[in-house]
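So this block is my_file_34.txt, compact mmCIF, C-alpha atoms:
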# COMPACT_ATOMS: atom_id res chain seq x y z
CA MET A 54 110.05 69.00 160.02
CA THR A 55 110.60 70.12 156.42
CA GLU A 56 107.36 70.78 154.50
CA GLN A 57 106.80 68.17 151.79
CA ASP A 58 106.39 69.31 148.16
CA THR A 59 106.57 66.45 145.67
CA THR A 60 106.26 68.66 142.59
CA LYS A 61 109.15 70.85 143.67
CA GLY A 62 111.17 67.76 144.57
CA ILE A 63 110.65 66.35 141.07
CA TRP A 64 111.82 69.59 139.45
CA LEU A 65 114.87 69.61 141.71
CA MET A 66 115.69 66.04 140.62
CA VAL A 67 115.35 67.08 136.97
CA ALA A 68 117.82 69.90 137.65
CA VAL A 69 120.15 67.44 139.40
CA ALA A 70 120.06 65.10 136.38
CA LEU A 71 120.92 67.99 134.05
CA ILE A 72 123.79 69.23 136.23
CA PHE A 73 125.14 65.69 136.61
CA ALA A 74 125.17 65.40 132.81
CA LEU A 75 127.04 68.72 132.56
CA GLN A 76 129.55 67.46 135.13
CA ASP A 77 130.13 64.40 132.99
CA ALA A 78 130.74 66.59 129.95
CA PHE A 79 133.27 68.68 131.91
CA SER A 80 134.96 65.49 133.14
CA ARG A 81 134.97 64.03 129.62
CA HIS A 82 136.77 67.11 128.29
CA LEU A 83 139.33 67.38 131.10
CA ALA A 84 140.09 63.64 131.26
CA GLY A 85 140.80 63.72 127.55
CA GLU A 86 143.63 66.19 128.23
CA TYR A 87 144.91 65.27 131.71
CA ASN A 88 145.29 62.26 133.98
CA VAL A 89 141.93 61.04 135.32
CA LEU A 90 143.25 60.63 138.87
CA MET A 91 144.41 64.25 139.02
CA ILE A 92 141.06 65.54 137.73
CA ILE A 93 139.07 63.51 140.27
CA MET A 94 141.48 64.51 143.05
CA ILE A 95 140.90 68.23 142.45
CA ARG A 96 137.15 67.65 142.22
CA TYR A 97 137.21 65.83 145.56
CA TRP A 98 139.24 68.61 147.18
CA PHE A 99 136.41 71.00 146.45
CA PHE A 100 133.76 68.45 147.39
CA GLY A 101 135.51 67.64 150.68
CA ALA A 102 135.79 71.32 151.54
CA PHE A 103 132.10 71.78 150.73
CA VAL A 104 131.11 68.86 152.97
CA ILE A 105 133.21 70.17 155.86
CA ALA A 106 131.78 73.70 155.46
CA VAL A 107 128.21 72.37 155.51
CA ALA A 108 128.89 70.21 158.57
CA ALA A 109 130.59 73.04 160.46
CA ARG A 110 127.52 75.28 160.09
CA LYS A 111 125.11 72.73 161.57
CA ALA A 112 124.42 72.10 165.25
CA GLY A 113 127.10 69.88 166.74
CA GLY A 114 129.62 70.80 164.06
CA LEU A 115 132.22 68.41 162.70
CA ARG A 116 132.13 66.15 165.76
CA LYS A 117 128.44 65.34 165.20
CA ALA A 118 128.90 65.00 161.43
CA ALA A 119 131.66 62.41 161.90
CA ALA A 120 129.92 60.49 164.70
CA THR A 121 129.25 56.94 163.52
CA LYS A 122 129.26 53.45 164.99
CA GLN A 123 130.19 52.07 161.57
CA PRO A 124 133.46 53.81 160.64
CA PHE A 125 134.79 50.88 158.58
CA VAL A 126 131.66 50.63 156.42
CA GLN A 127 131.43 54.40 156.06
CA ALA A 128 135.05 54.57 154.94
CA LEU A 129 134.51 51.67 152.54
CA ARG A 130 131.56 53.54 151.01
CA GLY A 131 133.72 56.60 150.41
CA LEU A 132 136.50 54.54 148.84
CA ILE A 133 134.13 52.66 146.52
CA LEU A 134 132.48 55.86 145.31
CA ALA A 135 135.84 57.57 144.63
CA ALA A 136 137.02 54.54 142.66
CA GLU A 137 133.70 54.38 140.79
CA VAL A 138 134.01 58.02 139.70
CA CYS A 139 137.50 57.31 138.34
CA VAL A 140 136.29 54.24 136.44
CA MET A 141 133.26 56.04 135.01
CA VAL A 142 135.25 59.06 133.81
CA THR A 143 137.66 56.62 132.15
CA ALA A 144 134.62 55.09 130.42
CA PHE A 145 133.66 58.55 129.11
CA VAL A 146 137.08 58.83 127.47
CA LEU A 147 137.03 55.30 126.04
CA LEU A 148 133.40 55.13 124.86
CA GLY A 149 131.95 58.64 125.06
CA LEU A 150 129.06 59.93 127.17
CA THR A 151 126.33 58.24 125.14
CA GLU A 152 127.40 54.60 125.29
CA ALA A 153 128.94 54.83 128.77
CA HIS A 154 125.67 56.13 130.23
CA ALA A 155 123.60 53.60 128.30
CA VAL A 156 125.44 50.76 130.07
CA PHE A 157 125.67 52.56 133.43
CA ALA A 158 121.86 52.87 133.52
CA VAL A 159 121.75 49.25 134.69
CA TYR A 160 122.87 50.16 138.23
CA PRO A 161 119.36 50.30 139.81
CA LEU A 162 118.79 46.75 138.59
CA LEU A 163 122.08 45.67 140.16
CA ILE A 164 120.98 47.27 143.43
CA ALA A 165 117.72 45.33 143.29
CA ALA A 166 119.51 42.07 142.48
CA LEU A 167 122.11 42.45 145.23
CA SER A 168 119.77 43.81 147.91
CA GLY A 169 118.76 40.25 148.81
CA PRO A 170 122.16 38.66 149.50
CA ILE A 171 123.73 41.83 150.95
CA LEU A 172 120.87 43.44 152.89
CA GLY A 173 118.55 40.50 153.34
CA GLU A 174 115.71 42.26 151.52
CA LYS A 175 113.06 40.23 149.72
CA VAL A 176 113.06 40.49 145.92
CA GLY A 177 109.89 39.10 144.35
CA TRP A 178 109.56 37.34 141.01
CA ARG A 179 108.30 40.48 139.26
CA ARG A 180 111.46 42.42 140.12
CA TRP A 181 113.63 39.43 139.21
CA ALA A 182 111.89 39.35 135.83
CA ALA A 183 112.56 43.07 135.37
CA ILE A 184 116.21 42.53 136.32
CA GLY A 185 116.51 39.79 133.72
CA ILE A 186 114.90 41.94 131.03
CA GLY A 187 117.21 44.81 131.96
CA PHE A 188 120.27 42.66 131.41
CA VAL A 189 118.90 41.65 128.02
CA GLY A 190 118.97 45.39 127.30
CA VAL A 191 122.63 45.52 128.32
CA LEU A 192 123.39 42.64 125.93
CA ILE A 193 121.64 44.55 123.14
CA ILE A 194 123.94 47.50 123.84
CA LEU A 195 127.13 45.44 124.13
CA GLN A 196 126.40 43.04 121.22
CA PRO A 197 128.79 40.36 122.62
CA GLY A 198 128.30 37.95 119.71
CA TYR A 199 128.21 40.54 116.96
CA GLY A 200 131.59 41.04 115.27
CA VAL A 201 134.50 42.17 117.46
CA PHE A 202 133.42 42.71 121.08
CA GLN A 203 134.67 45.98 122.61
CA ILE A 204 136.34 45.12 125.92
CA GLU A 205 136.06 48.83 126.78
CA ALA A 206 132.29 48.35 127.07
CA LEU A 207 132.87 46.46 130.31
CA VAL A 208 134.32 49.61 131.96
CA PRO A 209 130.96 51.37 132.53
CA LEU A 210 129.47 48.02 133.59
CA LEU A 211 132.18 47.83 136.26
CA ALA A 212 131.34 51.40 137.29
CA ALA A 213 127.65 50.49 137.55
CA THR A 214 128.49 47.50 139.76
CA MET A 215 130.63 49.67 142.03
CA PHE A 216 127.92 52.34 142.25
CA ALA A 217 125.36 49.66 143.11
CA LEU A 218 127.58 48.44 145.96
CA TYR A 219 127.96 52.03 147.13
CA GLY A 220 124.16 52.43 147.07
CA LEU A 221 123.62 49.23 149.04
CA LEU A 222 126.21 50.19 151.65
CA THR A 223 124.59 53.62 151.91
CA ARG A 224 121.25 51.92 152.62
CA TYR A 225 122.98 49.67 155.16
CA VAL A 226 124.64 52.47 157.15
CA GLY A 227 121.42 54.48 156.90
CA ARG A 228 119.85 52.06 159.36
CA GLN A 229 121.97 53.64 162.11
CA ASP A 230 123.49 56.86 160.72
CA PRO A 231 121.63 59.96 159.46
CA ALA A 232 122.19 61.14 155.89
CA ALA A 233 124.36 64.05 157.08
CA VAL A 234 126.90 61.63 158.61
CA SER A 235 127.08 59.51 155.45
CA PHE A 236 127.45 62.67 153.34
CA PHE A 237 130.36 63.85 155.54
CA TRP A 238 132.19 60.52 155.31
CA THR A 239 131.64 60.33 151.55
CA GLY A 240 133.31 63.68 150.91
CA THR A 241 136.16 63.50 153.41
CA VAL A 242 137.21 59.88 152.81
CA GLY A 243 137.07 60.42 149.05
CA ALA A 244 139.19 63.57 149.29
CA VAL A 245 141.86 61.84 151.38
CA ALA A 246 141.92 58.70 149.21
CA MET A 247 142.15 60.63 145.94
CA THR A 248 144.93 62.83 147.31
CA VAL A 249 146.97 59.77 148.26
CA VAL A 250 146.77 58.32 144.74
CA GLY A 251 146.25 61.41 142.60
CA ILE A 252 149.02 63.70 143.83
CA TRP A 253 151.59 61.54 142.01
CA PHE A 254 149.99 62.34 138.67
CA TRP A 255 149.96 66.12 138.99
CA GLU A 256 150.61 68.01 135.76
CA PRO A 257 150.31 71.69 134.81
CA MET A 258 146.88 72.71 133.58
CA ALA A 259 146.22 75.37 130.95
CA PRO A 260 144.48 78.52 132.26
CA ALA A 261 141.43 77.88 130.08
CA ASP A 262 141.08 74.38 131.50
CA TRP A 263 141.11 75.75 135.04
CA VAL A 264 137.85 77.45 134.06
CA TRP A 265 136.38 74.05 133.15
CA MET A 266 137.83 72.55 136.32
CA SER A 267 136.19 75.28 138.40
CA ALA A 268 132.88 74.65 136.63
CA LEU A 269 133.20 70.94 137.41
CA CYS A 270 133.89 71.57 141.10
CA VAL A 271 131.11 74.12 141.57
CA SER A 272 128.55 72.04 139.68
CA SER A 273 129.51 68.98 141.73
CA ALA A 274 128.86 70.74 145.04
CA PHE A 275 125.71 72.46 143.77
CA SER A 276 124.22 69.23 142.41
CA HIS A 277 124.73 67.44 145.71
CA PHE A 278 123.08 70.34 147.54
CA LEU A 279 120.05 70.13 145.21
CA LEU A 280 119.95 66.34 145.58
CA ILE A 281 119.84 66.59 149.37
CA ARG A 282 117.13 69.24 149.09
CA ALA A 283 115.08 67.06 146.73
CA TYR A 284 115.15 64.15 149.18
CA GLU A 285 114.26 66.49 152.04
CA ILE A 286 111.02 67.76 150.51
CA ALA A 287 109.82 64.66 148.63
CA GLU A 288 109.86 60.88 149.02
CA ALA A 289 112.81 59.20 147.33
CA SER A 290 110.46 56.81 145.51
CA ALA A 291 108.65 59.77 143.94
CA VAL A 292 111.71 61.60 142.63
CA GLN A 293 114.17 58.77 141.91
CA PRO A 294 112.68 57.80 138.50
CA PHE A 295 113.49 61.29 137.21
CA ALA A 296 117.21 60.64 137.82
CA TYR A 297 117.06 58.60 134.60
CA LEU A 298 116.85 61.88 132.71
CA GLN A 299 120.61 62.07 133.09
CA LEU A 300 120.84 59.51 130.27
CA PRO A 301 119.11 61.62 127.56
CA PHE A 302 120.78 64.79 128.87
CA ALA A 303 124.25 63.19 128.67
CA THR A 304 123.44 61.72 125.25
CA GLY A 305 122.46 65.13 123.93
CA LEU A 306 125.64 66.71 125.26
CA GLY A 307 127.75 63.90 123.82
CA ILE A 308 126.23 64.40 120.37
CA MET A 309 126.40 68.20 120.44
CA LEU A 310 129.80 68.72 122.08
CA PHE A 311 131.83 65.62 121.22
CA ASN A 312 130.33 64.59 117.86
CA GLU A 313 129.18 61.27 119.24
CA SER A 314 126.53 59.20 117.48
CA LEU A 315 123.61 57.23 118.88
CA ARG A 316 123.63 53.75 117.37
CA LEU A 317 120.29 51.96 117.02
CA ASN A 318 121.28 49.06 119.28
CA VAL A 319 122.41 51.49 121.99
CA ALA A 320 119.13 53.43 121.85
CA LEU A 321 117.06 50.22 121.89
CA GLY A 322 119.09 48.61 124.66
CA ALA A 323 119.02 51.77 126.79
CA ALA A 324 115.23 51.96 126.39
CA VAL A 325 114.92 48.36 127.63
CA VAL A 326 117.26 48.98 130.60
CA VAL A 327 115.51 52.19 131.65
CA SER A 328 112.04 50.63 131.31
CA ALA A 329 113.09 47.69 133.47
CA GLY A 330 114.66 50.04 135.99
CA LEU A 331 111.54 52.20 136.20
CA PHE A 332 109.39 49.09 136.72
CA THR A 333 111.73 47.97 139.50
CA LEU A 334 111.44 51.35 141.23
CA TRP A 335 107.65 51.31 140.84
CA ARG A 336 107.41 47.76 142.20
CA ALA A 337 109.61 48.63 145.19
CA ARG A 338 107.31 51.56 145.95
CA GLN A 339 104.20 49.35 145.75
CA VAL A 340 105.78 46.80 148.09
CA GLY A 341 106.74 49.59 150.47
CA LYS A 342 103.16 50.87 150.57
CA ALA A 343 101.84 47.36 151.19
Could I get this structure in the form of structure tokens?
Amino acid sequence: MTEQDTTKGIWLMVAVALIFALQDAFSRHLAGEYNVLMIIMIRYWFFGAFVIAVAARKAGGLRKAAATKQPFVQALRGLILAAEVCVMVTAFVLLGLTEAHAVFAVYPLLIAALSGPILGEKVGWRRWAAIGIGFVGVLIILQPGYGVFQIEALVPLLAATMFALYGLLTRYVGRQDPAAVSFFWTGTVGAVAMTVVGIWFWEPMAPADWVWMSALCVSSAFSHFLLIRAYEIAEASAVQPFAYLQLPFATGLGIMLFNESLRLNVALGAAVVVSAGLFTLWRARQVGKA
């Protein structure tokens, strides 16, 4: 059994949040120059190869990594995540890193809200209250009744909904399949699906942009390795709140690299969403202990 080290796990999650934010910056740059589907396809090629290489080195090899009694659900998970990545990168281009991440931060609340009808889990009134407050934060960000509503603001909300469904399905398959099996299906299904749709949008890439593409691919694989390691050495409930650091990291990169601005309503709304999300995580941990 892997020795538990919560402090180290927290620092690994902080590193994961930073690398995820860097990935988003790389994606934001590349998707501004090339078709989103092609960019995600190349990223998934590298990710799929990484997943296969990791599986091949473990006992049982690829056969054990692919062994599941839930192939349909596992494949659906992979498809949803691949589509979510495409939608979220599109949101980066339309809205920038800052506002896209501010809206996307609602996904833990969506997971909590949907865990009842989809997984049959009990959601108490305290978490429902936090979910409601979190969506007030989203309304503060979107300002639906304030001047001309930006329809583009719904794109990261769609991505958050898709990621929440992916998270719930991951929890569902986790009742029977180990994490290594889910990881294998995520990478391979996503690589196949993105190749089918992305190959039609291939276009030549400038040599300098291949450097950014390589950085995106390597950081993607490395971040997933660190994420797995963080969950191995520390409880998910202890490290998950630190994943929210991706929001300030991405905001900082958006301001520094893409000349984005942080509007007051976005900062206030994001603070409300994150606070509600952290309370939801804390409450879930308390219920788990009880």
Could you give me, as a Markdown table, a per-residue list for segment 141-171 of chain A showing, wherever an atom lies at most 12 Å from an atom of segment 87-105 of chain A, the closest pair of atoms and their distance in Å to one decimal, using all atoms listed in the file and sorting by chain then residue number from low to high?
| residue | atom | partner | partner_atom | distance |
| --- | --- | --- | --- | --- |
| A:Met141 | CA | A:Val89 | CA | 10.0 |
| A:Val142 | CA | A:Val89 | CA | 7.1 |
| A:Thr143 | CA | A:Val89 | CA | 6.9 |
| A:Ala144 | CA | A:Val89 | CA | 10.6 |
| A:Phe145 | CA | A:Val89 | CA | 10.6 |
| A:Val146 | CA | A:Val89 | CA | 9.5 |
| A:Leu147 | CA | A:Val89 | CA | 12.0 |
Neighbour residues at most 6 Å from (121.2, 46.9, 121.1) (all atoms listed in the file) as a list of chain:residue names: A:Ile193, A:Ile194, A:Asn318, A:Val319, A:Leu321, A:Gly322
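Excluding Lys117 of chain A and any residue on its chain fewer than 4 positions from it, the residues at most 10 Å away by all atoms listed in the file are Ala108, Ala109, Lys111, Ala112, Gly113, Thr121, Ala233, Val234 and Phe237 of chain A.
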Pull C-alpha atoms from the residues just selected and write them as a PDB file, keeping the file's coordinate frame.
ATOM      1  CA  ALA A 108     128.890  70.210 158.570  1.00  0.00           C
ATOM      2  CA  ALA A 109     130.590  73.040 160.460  1.00  0.00           C
ATOM      3  CA  LYS A 111     125.110  72.730 161.570  1.00  0.00           C
ATOM      4  CA  ALA A 112     124.420  72.100 165.250  1.00  0.00           C
ATOM      5  CA  GLY A 113     127.100  69.880 166.740  1.00  0.00           C
ATOM      6  CA  THR A 121     129.250  56.940 163.520  1.00  0.00           C
ATOM      7  CA  ALA A 233     124.360  64.050 157.080  1.00  0.00           C
ATOM      8  CA  VAL A 234     126.900  61.630 158.610  1.00  0.00           C
ATOM      9  CA  PHE A 237     130.360  63.850 155.540  1.00  0.00           C
TER      10      PHE A 237
END
Contacts of Ile281 of chain A within 12 Å, only C-alpha atoms, excl. fewer than 4 positions in-chain, as a PyMOL selection string: chain A and resi 62+65-66+69+107+232-233+235-236+274-277+285-289+292
Gap from atom CA of Leu115 of chain A to atom CA of Glu137 of chain A - Å, one decimal: 26.1 Å
Å distance separating atom CA of Trp64 of chain A from atom CA of Tyr297 of chain A, one decimal place: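 Calculated distance between atom CA of Trp64 of chain A and atom CA of Tyr297 of chain A is 13.1 Å.
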Among listed residues A:Ala329, A:Ala217, A:Ala183, A:Met247, nearest Ala136 of chain A (using all atoms listed in the file): A:Met247
Best match for closeness to Ile308 of chain A among A:Leu71, A:Pro209, A:Leu150, A:Pro294, counting all atoms listed in the file: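 Among the listed residues, A:Leu150 lies closest to Ile308 of chain A.
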Selection: 7 Å around segment 256-269 of chain A, all atoms listed in the file, excl. self and same-chain fewer than 3 positions, as a compact mmCIF listing (two decimals) with C-alpha atoms, in the frame of the given file:
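The result, stored in result_34.txt:
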# COMPACT_ATOMS: atom_id res chain seq x y z
CA GLN A 76 129.55 67.46 135.13
CA PHE A 79 133.27 68.68 131.91
CA SER A 272 128.55 72.04 139.68
CA SER A 273 129.51 68.98 141.73
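A straight line drawn from atom CA of Thr59 of chain A to atom CA of Gln293 of chain A is 11.4 Å long.
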Local residues around (122.0, 60.3, 127.7), at most 8 Å away, using only C-alpha atoms, as a list in words: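 Counting only C-alpha atoms, I find these residues within 8 Å of (122.0, 60.3, 127.7): Ala74, Leu150, Thr151, His154, Ala155, Leu298, Gln299, Leu300, Pro301, Phe302, Ala303, Thr304, Gly305, Leu306 and Gly307 of chain A.
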Emit the selected residues as a tab-separated table (two decimals), in the coordinates of the input, including C-alpha atoms.
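Result file is result_14.tsv:
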chain	number	residue	atom	x	y	z
A	74	ALA	CA	125.17	65.40	132.81
A	150	LEU	CA	129.06	59.93	127.17
A	151	THR	CA	126.33	58.24	125.14
A	154	HIS	CA	125.67	56.13	130.23
A	155	ALA	CA	123.60	53.60	128.30
A	298	LEU	CA	116.85	61.88	132.71
A	299	GLN	CA	120.61	62.07	133.09
A	300	LEU	CA	120.84	59.51	130.27
A	301	PRO	CA	119.11	61.62	127.56
A	302	PHE	CA	120.78	64.79	128.87
A	303	ALA	CA	124.25	63.19	128.67
A	304	THR	CA	123.44	61.72	125.25
A	305	GLY	CA	122.46	65.13	123.93
A	306	LEU	CA	125.64	66.71	125.26
A	307	GLY	CA	127.75	63.90	123.82
Using only C-alpha atoms: which of A:Val159, A:Leu221, A:Ala213, A:Val140 has the shortest distance to Leu192 of chain A: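 Nearest to Leu192 of chain A: A:Val159.
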